[in-house]
Amino acid sequence: MMVETVMSRSVRLICASGLALGMHTAMAQSTDASIQRVEITGSSIKRISAEGALPVQTLTKAQIEQSGASSVADLIATLPSMQGFTTSSMSVNGGGGGLQTASIHAIGEGYTLVLLNGRRLAPSTSGSTVNLASIPLAAVERVEILTDGANTLYGSDAIAGVVNFILKKNQQDAVVEASYNQPRSSGGATSTASISKGWGDLEKDGFNVLLSVAHDESRASWAKDSDFSQSGVIPFYANGKAYSLYQLSSNSIPGTATVKYTKADGSASSVAFSPNLLATGSCNGANLFKVGNRCLFDYAATVQNTPALKRDSGFGSFNYKINDSTNFFAEAMISSFSNLAQYAPPAQPLGLSKSSPLYAKYIAPYLAQLGVPSTATVDSVTMNLRLADAGGRADEYKTIAKHLAFGVDGSFKNIDYRAAYTHSENKQTDTAAGGYMSLNAFDALVAAGKFDPFAPAGTSQAVLASAVLHNTFSVTRSKIDMLQASASAEAFKLPAGPAMLALGADFTKQTYTEEPDAYSQGENKQQPDFTDAIVGGGAGALPVDASRKNWGAYGELLLPALKNMDLTVSGRYDDFSAVTNNKNFDSDGYLIAPGKQGESASKATYKLALRWNPIDQVLIRGSYGTGFKAPSMTSIVKPLVNGGSSQFHACPITNTSDARYKLCNPGSSEYGLLSGGNAATGAGALRPEQSKQATLGLRVEPISSVSLGFDWWDVKLRDQIQTLSEDLVFNNPAVYDSLLRVYYDPIQKQNVLVAALTPFNLATSHYRGIDWDHSYKTNTALGKFNLQWTGTYMLKAEQETPGTGLEKNIGRFNSYSEVTFRVISKLTASLNTGRFINSLTANYHSGYTDQVYNSDDSVVREVLADGTLGGYVPITRQVSSYTTFDWQTKAQLSKNFTLTGGIKNLADIAPPFTIRNAGGGNQSGYDGRYTDPLGRQFYLNASYKF
């Protein structure tokens, strides 16, 4: 067994590097090359890194460069263990909101803790989800990924694992780096530039100062420029039959109309049509398809595949040796990240008065032709508009992140200690960058006859420009302040070696606010005189101002049971206060006095870990632990507000005597959604989620050139906080009748039918899988050859909720519009000739069952034998697997100058076809969450140090 001889003073936080499961890791070296102990992610006890008992994946600086990634989010997305994260494409009308996140093993981004140098970052939400877009890749030295629950050390939200970004440290050189990535099409190009400079060697000079600045940006790419995404109407074959995806919108231009009426016998009915089509006999305009009496709009042809991104960032660190045993450290980071996401022009249902000249001109003349009896009473008329002349709707999501940490670490009488303070904050704004309009200004244009909603597009750009909004819709702020202290030392001696004990505590205050502007709120109890709203956007938002405190204490004991076996026992106690709500609204929307909401929560958790080397060439390791996750603040305090539109559903109200029946739309249609928190106390309050995690790992190294590693893992969650899926509510109206409500829409200025979705402790989940990492290396006549194969095989991903029962999610598009892949793997072969390193990487995602449709979903049509389109049909099909190849050549042209060139997606493989119309992003024909729409990409990176 290896014995520590020197304590490192300069490196206090390094992690596994080399092989992906943390077995062969870089050791900190002193001037006399003695072996030293270092701290590894997942443990607070310093130890020789080869003794790791936990499955730690590592990306070294060389591996980061080899990935060809241009951002932290792109880098994380290349890891086979990552599933279920938010991508930039999801901000294109897919709920992404400018975020890019990490999610280990598909368990969820809210269960994956992201750290910066081992310390927390301010989340982008009221929980713990961090926006990876705020972290500059140019400042990252390496990344540690612990794929096992680490809540006993880091806190209650590290159930799935930890992603720890380690930034550059003790650099003396100046390093200039630049890169350019060009896809085969004009859109999607990315450029980066950075410079970093350090002064002083911590060991020799007693100090080090490091400064780094970076700029990077990516152009938007557009659906219309790629064959696989250029339309929502796509012919395809499945199960030996011909079909066509027919993903269109009834919000069109020229506008369509929906007339709801009551017959003389009291029965309700409705009819939908395009007045311009009935008047001219054809669809007049771009991106239109005739379906019955309507011209439907091909919105998929007008969206982005990937948004435009821009990031400016700066990082600085200062390390100072106070004396031989004490160091002072400070680090600061600031970044400004913007995500400019544009999708289709405003799609907005608007109420039309029967007294309007538009009614007399475009509605009344066609009612008899459409079969509306003259004795019927028209109850309402809705114009379904696509305001193309206002331009595509665009949101600029901008995040300004600030992070500061400082503290001391060192040793005193053989006790290693650390104390630190962290302040981290985010400010995110959502600003209208095109397309959205003022409802009052738009209504005035219609009333004055300046804009005709039932006329073709192309002649009203100048008219509508005066109504287009440029205001900031919302400002969201998130902040954490955290104090941490820990110490570790030898506790006592055992026959096999010294037992090591670590103790620590932390205290955190977290605040979160949402400040929607007047337009986003619309007419409500707080601004009853405000009558305007956003055309093409939401309304009904309310402000949030919440805070919470929590503290935790933990202990970890490393016991050398045998010379070749270690047992680690750790435990933690967390205490969360109830949430303080400074913007407290009652159920009617009135602001009331601030107060505490929800319940306080506290719990003790534990973890056991074992590492055993029966022989030098074999390592067996395992762990078992419990976890606990407090509800996010907004899941408690967020008022019930407009939550956007649903997918397409048949009306859930079928009783014609029900007053809500008159609010039904014809056929399969979108309905409104309300979302909010659960502020109940007592028995009805949200409870913390609880978990059990287990791992069992094996690494075998039969010869020095071969390493084989497997880690089996298992995570169970109960009392999981979720909202009921909209599918469940709409498909089981008898069970969830109380959630189907009448809501006054301030934009349509009329009552509409909505589903209210609020969170409950209603789910249990179970995830299980195997991660593998195998490598082979040898010397050849041409140079050093290395082969590495990593991957994840999912054995189980299932969730049980009331109503749906047990839903198994592997290899299928589930009711929450997500996919869990059975297999994700990555195989890289590289040859190092000295001056050149050449590598070829194969990336693989297994196939899955596509979104399933019924005939009343109105998405897929049958193609008849004569080539014409038949009716809408039910369909179940498979999405094919996805394999791409990447090539890279890295040239060390001189001691100080490195040039790297590569091709991503060497064979220009298009994303596999899918018929999904739900999930993240507004694109059609493929799923941007799981595939790259940019196709073949050429990139060039240059690095020069002096």
# chains A, B, ... in the order shown; residues from 1 in each chain; ligands from 1

$ residues_around --residues "A:Thr931" --least-positions-apart "6" --cutoff "10 Å" --atoms "only C-alpha atoms" --output "list in words"
His845, Tyr882, Thr883, Thr884, Ala910, Pro911 and Pro912 of chain A

$ residues_around --residues "A:Arg386" --least-positions-apart "6" --cutoff "7 Å" --atoms "only C-alpha atoms" --output "VMD selection string"
chain A and resid 251 to 253 255 345 to 348

$ write_last_selection --atoms "N, CA and C atoms" --output "short mmCIF file (atom, residue, chain, number, x, y, z; two decimals), in the first residue's frame"
data_model
loop_
_atom_site.label_atom_id
_atom_site.label_comp_id
_atom_site.auth_asym_id
_atom_site.auth_seq_id
_atom_site.Cartn_x
_atom_site.Cartn_y
_atom_site.Cartn_z
N ASN A 251 -53.29 28.73 -36.78
CA ASN A 251 -52.97 30.17 -36.74
C ASN A 251 -52.22 30.50 -38.02
N SER A 252 -52.90 31.17 -38.93
CA SER A 252 -52.39 31.27 -40.28
C SER A 252 -52.51 32.70 -40.80
N ILE A 253 -51.97 32.90 -42.02
CA ILE A 253 -52.11 34.19 -42.71
C ILE A 253 -52.31 33.89 -44.19
N GLY A 255 -55.76 34.99 -42.15
CA GLY A 255 -56.26 34.38 -40.94
C GLY A 255 -57.39 33.40 -41.16
N PRO A 345 -43.55 33.62 -36.75
CA PRO A 345 -44.25 34.89 -36.49
C PRO A 345 -45.38 34.68 -35.49
N PRO A 346 -45.86 35.78 -34.89
CA PRO A 346 -46.89 35.66 -33.84
C PRO A 346 -48.07 34.80 -34.27
N ALA A 347 -48.37 33.82 -33.45
CA ALA A 347 -49.53 32.96 -33.67
C ALA A 347 -50.49 33.24 -32.55
N GLN A 348 -51.57 33.93 -32.87
CA GLN A 348 -52.40 34.42 -31.77
C GLN A 348 -53.89 34.32 -32.08
#

$ select_by_dssp --residues "stretch 299-508 of chain A" --states "alpha helix (DSSP H)" --output "list in words"
Pro357, Leu358, Leu439, Asn440, Ala441, Phe442, Asp443, Ala444, Leu445, Val446, Ala447, Gln461, Ala462, Val463, Leu464 and Ala465 of chain A

$ residues_around --residues "A:Thr531" --least-positions-apart "6" --cutoff "12 Å" --atoms "only C-alpha atoms" --output "number ranges by chain"
A: 438-441, 443, 518-525, 539-540, 745-749

$ closest_residue --among "A:Gln923, A:Gln693, A:Gln63, A:Asn779" --to "A:Met90" --atoms "only C-alpha atoms"
A:Gln923

$ residues_around --residues "A:Ser71" --least-positions-apart "5" --cutoff "9 Å" --atoms "only C-alpha atoms" --output "list of chain:residue names"
A:Ile76, A:Leu132, A:Ala133, A:Ile135, A:Pro136, A:Leu137, A:Ala138, A:Asp216

$ residues_around --residues "stretch 357-374 of chain A" --least-positions-apart "4" --cutoff "8 Å" --atoms "only C-alpha atoms" --output "PyMOL selection string"
chain A and resi 257+263+271+275+278+352-353+454

$ write_last_selection --atoms "N, CA and C atoms" --output "mmCIF file, in the first residue's frame"
data_model
loop_
_atom_site.group_PDB
_atom_site.id
_atom_site.type_symbol
_atom_site.label_atom_id
_atom_site.label_comp_id
_atom_site.auth_asym_id
_atom_site.auth_seq_id
_atom_site.Cartn_x
_atom_site.Cartn_y
_atom_site.Cartn_z
ATOM 1 N N ALA A 257 -60.786 31.470 -39.143
ATOM 2 C CA ALA A 257 -61.790 31.870 -38.157
ATOM 3 C C ALA A 257 -62.460 30.638 -37.573
ATOM 4 N N LYS A 263 -77.382 26.018 -31.519
ATOM 5 C CA LYS A 263 -78.526 25.767 -32.371
ATOM 6 C C LYS A 263 -79.827 26.059 -31.625
ATOM 7 N N VAL A 271 -67.576 25.761 -36.232
ATOM 8 C CA VAL A 271 -67.081 25.590 -37.586
ATOM 9 C C VAL A 271 -65.824 26.440 -37.732
ATOM 10 N N PRO A 275 -61.586 32.556 -44.582
ATOM 11 C CA PRO A 275 -62.399 33.389 -45.479
ATOM 12 C C PRO A 275 -61.734 33.639 -46.820
ATOM 13 N N LEU A 278 -62.210 30.614 -49.103
ATOM 14 C CA LEU A 278 -63.567 30.505 -49.658
ATOM 15 C C LEU A 278 -63.820 31.578 -50.702
ATOM 16 N N LEU A 352 -63.202 38.246 -31.939
ATOM 17 C CA LEU A 352 -63.744 39.182 -32.929
ATOM 18 C C LEU A 352 -65.200 39.474 -32.573
ATOM 19 N N SER A 353 -65.478 40.746 -32.381
ATOM 20 C CA SER A 353 -66.845 41.147 -32.043
ATOM 21 C C SER A 353 -67.755 41.024 -33.259
ATOM 22 N N PHE A 454 -57.413 39.156 -42.529
ATOM 23 C CA PHE A 454 -57.799 38.085 -43.443
ATOM 24 C C PHE A 454 -57.243 38.303 -44.848
#

$ closest_residue --among "A:Asp658, A:Ala122, A:Pro759, A:Ala160" --to "A:Gly684" --atoms "only C-alpha atoms"
A:Pro759

$ closest_residue --among "A:Phe946, A:Gly96, A:Thr828, A:Tyr736" --to "A:Lys197" --atoms "only C-alpha atoms"
A:Phe946

$ residues_around --residues "A:Gly682" --least-positions-apart "2" --cutoff "9 Å" --atoms "only C-alpha atoms" --output "VMD selection string"
chain A and resid 598 to 599 680 684 to 686

$ closest_atom_pairs --of "stretch 159-213 of chain A" --to "stretch 64-69 of chain A" --cutoff "12 Å" --atoms "only C-alpha atoms" --output "tab-separated table"
residue	atom	partner	partner_atom	distance
A:Phe165	CA	A:Ile64	CA	11.8
A:Glu177	CA	A:Glu65	CA	11.5
A:Ser179	CA	A:Gly68	CA	9.8
A:Tyr180	CA	A:Gly68	CA	10.6
A:Asn181	CA	A:Gly68	CA	9.3
A:Thr190	CA	A:Ala69	CA	10.4
A:Ser191	CA	A:Ala69	CA	11.4
A:Thr192	CA	A:Ala69	CA	10.9

$ select_by_dssp --residues "stretch 621-800 of chain A" --states "strand (DSSP E or B)" --output "PyMOL selection string"
chain A and resi 621-629+641-649+669-675+689-700+706-723+740-745+750-757+759-779+784-800

$ atom_distance --atom1 "atom CA of A:Phe938" --atom2 "atom CA of A:Pro307"
19.2 Å

$ closest_residue --among "A:Lys61, A:Lys808, A:Lys904, A:Lys895" --to "A:Thr841" --atoms "only C-alpha atoms"
A:Lys904
